[in-house]
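Beneath this line is the structure, given in C-alpha cells, with notes to follow.
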There are 2 protein chains.
Amino acid sequence: MASRKNGTTARTRCEQCPLRDFKPFREFSSDELSFVSNFKTGELTTDSGSTVLVEGAHSAHLYTILDGWAFRYKILEDGRRQILNYGMPGDLLGLQGSLMGEMQHSVEALTPLTLCVFERDRITELFENQPTLAYDVTWIASREEAILDEHLLSVGRRSALERAAYLLAFLQKKALSVNLVGENSGTLPITQQHVADTLGLSIVHTNKTLRKLANRDLIHWLDRGCEVIDADGLAEIADWEFEVSTNRPFI
Amino acid sequence: MASRKNGTTARTRCEQCPLRDFKPFREFSSDELSFVSNFKTGELTTDSGSTVLVEGAHSAHLYTILDGWAFRYKILEDGRRQILNYGMPGDLLGLQGSLMGEMQHSVEALTPLTLCVFERDRITELFENQPTLAYDVTWIASREEAILDEHLLSVGRRSALERAAYLLAFLQKKALSVNLVGENSGTLPITQQHVADTLGLSIVHTNKTLRKLANRDLIHWLDRGCEVIDADGLAEIADWEFEVSTNRPFI
DNA sequence: CGGGCCCTTGAATTCTCTCAAACAATGTGG
DNA sequence: CCACATTGTTTGAGAGAATTCAAGGGCCCG
C-alpha cells in the first residue's frame, strides 16, 4: 500500500465546486447539489505515485477526482501491466468495486491528487432519492465503457504509430476539456513506460514510435511528460474523432 | 442494413421468462416484474448474421437477449474490425446509445436471435420509479466495463496463445452460465475470423494458434464452431480466473 | 558523488503479418 | 444430380513488425 499525505475533512464545498465552472459539465439543481454536498464525506489528498485503490480490495469508498491525474490498470501474475484508462477531474473512481464488491483493477496517482470521498454504502440512497443523479452515474459508467471500446479497437487493430497517435490525441483532448492543459500549452504527466503499458507495446518500441511522431512535429517529448503540438494531426493519423460531450454529468 | 425475419409483438410473457429459472440471475419482486412486463414493448427475431444495431445510428430501442448469440464490434475506415464483446441471454444491447444518443459500436447476430424490445425514451421512467432496477442497469454497465478491462489486458499484454486460451475459456464459462452449452457438450458458434477479430490477430496466425490448443486437447475446432474440452486448462494458460457471479441482475 | 529513474540507440531474435495456394463443406441453379 | 460459387479452414514461405538484450547518457535527489 502506498503513502498518503493526509485525509482531512471537506475543504472544498460542493456549492463552490470549481468543476462546475467548466463548460463540459452540466448544471445541478439545488436539490441535487445539496444531496451531493451531504453525500460527500470528506476530501483526500495523495502523493504522486501512490495507490488509490487496489485490485482485490473491498474499498469502503468511492471517489471523484477534484484535481490531478490518475490511471487505472490491471497486472498479470508475472508483472505484465496493462493501463486501462486515465482519470482526470470529474471522473469517478471505484464505482465497479462499489457495485460488484471487489475491485477488479487498481488505481494509481499520476500527479498529486485531490479526491472527493463518498461512502460506498450510501450509493443506494442515491438511487432511491435522486433518480437524475442515478441516471448520471449510469451515464458515466456507460461513457467509460465507450472509451474502453475505443481503446480496445486501438490496441487490437491499430498499428503502433496509429495507437500512439490515438492515445496522445485522446489524452490531450480529454485534458483540454477540463483545463488541465491549454490549447497550446501544458504537458501530459506520463512517462514512456505509461505509454507502452497503455498501448500494449514494449518500452523500446514505444520510444522509437514516439520519436517518429516527434520528428513529424506532432509532439515534443520532455523529461517526464509529453507536449502535444498538433492533436488534430494525431487524431487524423489514427482515424479517430473526438466527440465533444457538452453537458456531461459528474457527481 | 441486414434482413430481419419479422418483428412480432411479445410472445414470451415476462412473468414466465425462461431466464428466471437460471441460477445466476436474481429474483424479481412482483412490483419489478410488472414494471418490466410493461416496459417490454415487443419481441424481435433476427436471422443469424443480421445487424441489430449500427454505429452512428440513434436507435429508438434497447434490447435484452432472450435467446441466441451476438457480438459487438467497431470498425476503422479501411475495414479493420475489432470485436469488443459477446452477448448472450440476459445481456443488454444498446444501453450506450440510449444514454449517449448515438451508437458508438455495432451489434451483429451470431445465431438467430430473440430479443426483448424496450423503448429508449422510457428509460427515464425506470430511473424515476424503480431504483432497484436502475441500480441493476448500472450494475450491468459496470460489469460490462469490468469485462472490457479484462479483454483489454488480454489484447494488450497476453501472448497469442494466452489470448486465445482466455477468450475461449471466457466464452465457454459465460455460455455455460446461461445454459447455451453444457459442461461437456455444445459448441461456440464462431468462426476463426471472429476469434482473430477479437484477439487482434490475423486469421492465419489465429489458425496456427488454435491448432496448438487443439493439439493439446484443450479444444476441438469444428466446421464453424469451437468445442471447448478443458475450460479450466485454458484459463490456467491465460492466468485468468472466472468470477462466478450468482444473483446477477437483468432486465 | 553515487544511485535511481528515464530516455535513447543498435543488434539479434522472435513473433506476427501478408501473400499464395489448396482443400473441405455448403448451397444454388441448371 | 452435377457444376459452380462461396465460405471457412489449413499450410508454407518470405517480409515486416515488435521484442529482448545490451549499453550509454542525462537528470534529479539524498
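Ligands are numbered from 1 in the order shown, residues from 1 within each chain, and chains are lettered A, B, ... in the order they appear in the C-alpha cells.
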
With only C-alpha atoms (C1' of nucleotides) counted and 8 Å as the cut-off, give the residues of chain A in contact with chain C, each with its shortest interatomic distance in Å and the pair that gives it, as JSON lines.
```
{"residue": "A:Thr191", "atom": "CA", "partner": "C:DC6", "partner_atom": "C1'", "distance": 7.7}
{"residue": "A:Asn207", "atom": "CA", "partner": "C:DT8", "partner_atom": "C1'", "distance": 7.8}
{"residue": "A:Asp223", "atom": "CA", "partner": "C:DC6", "partner_atom": "C1'", "distance": 7.5}
{"residue": "A:Arg224", "atom": "CA", "partner": "C:DC6", "partner_atom": "C1'", "distance": 7.3}
```

Would you give me, as a Markdown table, each residue of chain D having an atom within 10 Å of an atom of chain A, along with its shortest atom pair and that distance in Å to one decimal, using only C-alpha atoms (C1' of nucleotides) and sorting by chain and residue number?
```
| residue | atom | partner | partner_atom | distance |
| --- | --- | --- | --- | --- |
| D:DA17 | C1' | A:Ala160 | CA | 9.2 |
| D:DA18 | C1' | A:His205 | CA | 6.7 |
| D:DT19 | C1' | A:Ser202 | CA | 7.0 |
| D:DT20 | C1' | A:Ser202 | CA | 9.4 |
| D:DG26 | C1' | A:Asp223 | CA | 9.5 |
| D:DC27 | C1' | A:Asp223 | CA | 8.5 |
```

Task: All strand (DSSP E or B) positions in region 10-221 of chain B, as a ChimeraX atom specification - done: /B:25,40-46,51-53,61-67,70-75,81-87,92-93,106-109,113-119,182,185,188,219-221

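Going from CA of Met103 (chain A) over to CA of His194 (chain A), you cover 21.1 Å.
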
Open item on the list: Can you measure CA of Cys17 (chain B) to CA of Leu33 (chain B) for me? One decimal in Å is fine.
Closed with: 10.1 Å

Output as JSON lines one row per residue of chain A within 7 Å of chain B: the closest atom pair and its distance in Å to one decimal place, counting only C-alpha atoms, sorted by chain and residue number ascending.
```
{"residue": "A:Lys74", "atom": "CA", "partner": "B:Leu153", "partner_atom": "CA", "distance": 6.8}
{"residue": "A:Arg80", "atom": "CA", "partner": "B:Arg157", "partner_atom": "CA", "distance": 6.5}
{"residue": "A:Gln82", "atom": "CA", "partner": "B:Leu153", "partner_atom": "CA", "distance": 5.4}
{"residue": "A:Leu84", "atom": "CA", "partner": "B:Asp149", "partner_atom": "CA", "distance": 6.4}
{"residue": "A:Gln96", "atom": "CA", "partner": "B:Ser142", "partner_atom": "CA", "distance": 5.7}
{"residue": "A:Leu99", "atom": "CA", "partner": "B:Trp139", "partner_atom": "CA", "distance": 6.0}
{"residue": "A:Gln104", "atom": "CA", "partner": "B:Ala146", "partner_atom": "CA", "distance": 6.9}
{"residue": "A:Phe127", "atom": "CA", "partner": "B:Pro131", "partner_atom": "CA", "distance": 5.3}
{"residue": "A:Glu128", "atom": "CA", "partner": "B:Pro131", "partner_atom": "CA", "distance": 5.2}
{"residue": "A:Pro131", "atom": "CA", "partner": "B:Glu128", "partner_atom": "CA", "distance": 5.2}
{"residue": "A:Tyr135", "atom": "CA", "partner": "B:Phe127", "partner_atom": "CA", "distance": 6.5}
{"residue": "A:Thr138", "atom": "CA", "partner": "B:Thr138", "partner_atom": "CA", "distance": 5.0}
{"residue": "A:Trp139", "atom": "CA", "partner": "B:Leu99", "partner_atom": "CA", "distance": 6.0}
{"residue": "A:Ala141", "atom": "CA", "partner": "B:Ser142", "partner_atom": "CA", "distance": 6.0}
{"residue": "A:Ser142", "atom": "CA", "partner": "B:Gln96", "partner_atom": "CA", "distance": 5.7}
{"residue": "A:Glu145", "atom": "CA", "partner": "B:Glu145", "partner_atom": "CA", "distance": 5.3}
{"residue": "A:Ala146", "atom": "CA", "partner": "B:Gln104", "partner_atom": "CA", "distance": 6.9}
{"residue": "A:Leu148", "atom": "CA", "partner": "B:Leu148", "partner_atom": "CA", "distance": 6.7}
{"residue": "A:Asp149", "atom": "CA", "partner": "B:Leu84", "partner_atom": "CA", "distance": 6.4}
{"residue": "A:Leu152", "atom": "CA", "partner": "B:Leu152", "partner_atom": "CA", "distance": 5.7}
{"residue": "A:Leu153", "atom": "CA", "partner": "B:Gln82", "partner_atom": "CA", "distance": 5.4}
{"residue": "A:Val155", "atom": "CA", "partner": "B:Gly156", "partner_atom": "CA", "distance": 6.2}
{"residue": "A:Gly156", "atom": "CA", "partner": "B:Gly200", "partner_atom": "CA", "distance": 4.1}
{"residue": "A:Arg157", "atom": "CA", "partner": "B:Gly200", "partner_atom": "CA", "distance": 5.7}
{"residue": "A:Leu199", "atom": "CA", "partner": "B:Gly156", "partner_atom": "CA", "distance": 6.7}
{"residue": "A:Gly200", "atom": "CA", "partner": "B:Gly156", "partner_atom": "CA", "distance": 4.1}
```

Resulting file, chosen residues, N, CA and C atoms, as a compact mmCIF listing (two decimals), in the first residue's frame:
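Ended up saving to part_13.txt:
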```
# COMPACT_ATOMS: atom_id res chain seq x y z
N LYS A 74 -4.46 -3.08 -14.66
CA LYS A 74 -4.50 -4.46 -14.19
C LYS A 74 -3.13 -5.06 -14.44
N ARG A 80 3.34 -8.27 -15.94
CA ARG A 80 2.93 -7.51 -17.11
C ARG A 80 1.75 -6.61 -16.73
N GLN A 82 -1.20 -3.68 -17.79
CA GLN A 82 -1.98 -3.02 -18.83
C GLN A 82 -2.70 -1.84 -18.22
N LEU A 84 -5.55 0.76 -18.33
CA LEU A 84 -6.87 0.65 -18.94
C LEU A 84 -7.42 2.01 -19.35
N GLN A 96 -16.99 0.43 -9.87
CA GLN A 96 -17.04 -1.01 -10.07
C GLN A 96 -16.99 -1.76 -8.75
N LEU A 99 -20.23 -1.46 -6.75
CA LEU A 99 -21.37 -2.22 -7.21
C LEU A 99 -21.13 -3.71 -7.13
N GLN A 104 -11.65 -4.81 -9.35
CA GLN A 104 -11.05 -5.71 -10.33
C GLN A 104 -9.87 -5.05 -11.03
N PHE A 127 -29.58 6.11 -5.45
CA PHE A 127 -30.52 5.51 -6.39
C PHE A 127 -31.96 5.66 -5.94
N GLU A 128 -32.15 5.66 -4.62
CA GLU A 128 -33.52 5.75 -4.12
C GLU A 128 -34.09 7.16 -4.14
N PRO A 131 -33.12 10.14 -8.71
CA PRO A 131 -33.13 9.44 -10.00
C PRO A 131 -32.27 10.12 -11.07
N TYR A 135 -29.18 8.34 -12.86
CA TYR A 135 -29.03 8.31 -14.31
C TYR A 135 -27.63 8.77 -14.70
N THR A 138 -25.05 6.12 -14.18
CA THR A 138 -25.11 5.13 -15.26
C THR A 138 -24.51 5.70 -16.53
N TRP A 139 -24.79 6.95 -16.77
CA TRP A 139 -24.21 7.63 -17.94
C TRP A 139 -22.69 7.57 -17.87
N ALA A 141 -20.80 5.47 -16.23
CA ALA A 141 -20.33 4.10 -16.43
C ALA A 141 -20.37 3.74 -17.91
N SER A 142 -21.41 4.19 -18.56
CA SER A 142 -21.59 3.88 -19.97
C SER A 142 -20.55 4.58 -20.83
N GLU A 145 -17.32 2.85 -20.61
CA GLU A 145 -17.39 1.67 -21.48
C GLU A 145 -17.08 2.05 -22.93
N ALA A 146 -17.66 3.15 -23.39
CA ALA A 146 -17.44 3.58 -24.77
C ALA A 146 -15.96 3.90 -25.01
N LEU A 148 -13.44 2.56 -23.33
CA LEU A 148 -12.72 1.30 -23.34
C LEU A 148 -12.88 0.61 -24.69
N ASP A 149 -14.05 0.71 -25.28
CA ASP A 149 -14.27 0.16 -26.61
C ASP A 149 -13.24 0.75 -27.58
N LEU A 152 -9.82 -0.54 -26.93
CA LEU A 152 -9.69 -1.92 -27.37
C LEU A 152 -9.50 -1.98 -28.88
N LEU A 153 -10.27 -1.17 -29.59
CA LEU A 153 -10.10 -1.07 -31.04
C LEU A 153 -8.67 -0.68 -31.36
N VAL A 155 -5.81 -0.92 -29.45
CA VAL A 155 -4.80 -1.91 -29.11
C VAL A 155 -4.92 -3.14 -30.01
N GLY A 156 -6.16 -3.47 -30.36
CA GLY A 156 -6.36 -4.65 -31.18
C GLY A 156 -6.05 -4.46 -32.65
N ARG A 157 -6.42 -3.31 -33.19
CA ARG A 157 -6.38 -3.16 -34.64
C ARG A 157 -5.53 -2.05 -35.22
N LEU A 199 -0.47 1.04 -24.55
CA LEU A 199 -0.59 0.60 -25.95
C LEU A 199 -0.36 -0.89 -26.13
N GLY A 200 0.15 -1.53 -25.11
CA GLY A 200 0.48 -2.95 -25.25
C GLY A 200 1.75 -3.18 -26.04
```

TODO: Give me the residues within 10 Å of Glu236 (chain A) as an MDAnalysis selection string, counting only C-alpha atoms (C1' of nucleotides) and dropping any in the same chain fewer than 3 places off.
DONE: chainID A and resid 162 165:166 169 231:233 239:241

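Shortest separation to Gly56 (chain A) among A:Ser29, A:Ser106, A:Asn215, A:Gln16 occurs at residue A:Ser106, atoms counted being only C-alpha atoms.
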
TODO: Please run DSSP on the backbone and report, as a ChimeraX atom specification, all residues within region 43-130 of chain B that come out as helix (DSSP H, G or I).
DONE: /B:95-100,120-129

I need the chosen residues saved as a PDB file, in the first residue's frame, with N, CA and C atoms.
```pdb
ATOM      1  N   LEU B  95     -27.551   0.031 -24.600  1.00  0.00           N
ATOM      2  CA  LEU B  95     -27.671   0.970 -23.491  1.00  0.00           C
ATOM      3  C   LEU B  95     -26.888   2.246 -23.767  1.00  0.00           C
ATOM      4  N   GLN B  96     -25.673   2.062 -24.281  1.00  0.00           N
ATOM      5  CA  GLN B  96     -24.827   3.197 -24.604  1.00  0.00           C
ATOM      6  C   GLN B  96     -25.535   4.196 -25.509  1.00  0.00           C
ATOM      7  N   GLY B  97     -26.139   3.674 -26.542  1.00  0.00           N
ATOM      8  CA  GLY B  97     -26.863   4.544 -27.467  1.00  0.00           C
ATOM      9  C   GLY B  97     -28.013   5.249 -26.777  1.00  0.00           C
ATOM     10  N   SER B  98     -28.672   4.538 -25.882  1.00  0.00           N
ATOM     11  CA  SER B  98     -29.814   5.121 -25.185  1.00  0.00           C
ATOM     12  C   SER B  98     -29.396   6.285 -24.308  1.00  0.00           C
ATOM     13  N   LEU B  99     -28.250   6.141 -23.667  1.00  0.00           N
ATOM     14  CA  LEU B  99     -27.824   7.179 -22.738  1.00  0.00           C
ATOM     15  C   LEU B  99     -27.108   8.312 -23.449  1.00  0.00           C
ATOM     16  N   MET B 100     -26.310   7.970 -24.441  1.00  0.00           N
ATOM     17  CA  MET B 100     -25.434   8.968 -25.018  1.00  0.00           C
ATOM     18  C   MET B 100     -25.848   9.409 -26.409  1.00  0.00           C
ATOM     19  N   ARG B 120     -36.317   3.282 -25.845  1.00  0.00           N
ATOM     20  CA  ARG B 120     -35.257   4.099 -25.280  1.00  0.00           C
ATOM     21  C   ARG B 120     -35.801   5.247 -24.421  1.00  0.00           C
ATOM     22  N   ASP B 121     -36.843   5.897 -24.919  1.00  0.00           N
ATOM     23  CA  ASP B 121     -37.347   7.094 -24.245  1.00  0.00           C
ATOM     24  C   ASP B 121     -37.894   6.804 -22.855  1.00  0.00           C
ATOM     25  N   ARG B 122     -38.276   5.567 -22.650  1.00  0.00           N
ATOM     26  CA  ARG B 122     -38.912   5.260 -21.377  1.00  0.00           C
ATOM     27  C   ARG B 122     -37.924   4.853 -20.301  1.00  0.00           C
ATOM     28  N   ILE B 123     -36.647   4.945 -20.608  1.00  0.00           N
ATOM     29  CA  ILE B 123     -35.663   4.538 -19.607  1.00  0.00           C
ATOM     30  C   ILE B 123     -35.676   5.483 -18.407  1.00  0.00           C
ATOM     31  N   THR B 124     -36.086   6.723 -18.646  1.00  0.00           N
ATOM     32  CA  THR B 124     -36.197   7.673 -17.537  1.00  0.00           C
ATOM     33  C   THR B 124     -37.221   7.195 -16.513  1.00  0.00           C
ATOM     34  N   GLU B 125     -38.311   6.621 -17.037  1.00  0.00           N
ATOM     35  CA  GLU B 125     -39.330   6.053 -16.135  1.00  0.00           C
ATOM     36  C   GLU B 125     -38.700   5.065 -15.176  1.00  0.00           C
ATOM     37  N   LEU B 126     -37.838   4.256 -15.748  1.00  0.00           N
ATOM     38  CA  LEU B 126     -37.188   3.226 -14.940  1.00  0.00           C
ATOM     39  C   LEU B 126     -36.385   3.866 -13.811  1.00  0.00           C
ATOM     40  N   PHE B 127     -35.634   4.903 -14.143  1.00  0.00           N
ATOM     41  CA  PHE B 127     -34.830   5.552 -13.114  1.00  0.00           C
ATOM     42  C   PHE B 127     -35.701   6.255 -12.082  1.00  0.00           C
ATOM     43  N   GLU B 128     -36.848   6.773 -12.537  1.00  0.00           N
ATOM     44  CA  GLU B 128     -37.686   7.524 -11.615  1.00  0.00           C
ATOM     45  C   GLU B 128     -38.531   6.649 -10.695  1.00  0.00           C
ATOM     46  N   ASN B 129     -38.932   5.492 -11.217  1.00  0.00           N
ATOM     47  CA  ASN B 129     -39.867   4.674 -10.440  1.00  0.00           C
ATOM     48  C   ASN B 129     -39.311   3.377  -9.889  1.00  0.00           C
TER      49      ASN B 129
END
```

Task: Ser30 (chain A) environment, 10 Å, only C-alpha atoms (C1' of nucleotides), sequence neighbours closer than 5 positions dropped, as a list in words - done: Glu15, Phe35 and Val36 of chain A

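Interatomic distance, CA of Arg13 (chain B) to CA of Gly90 (chain B): 14.9 Å.
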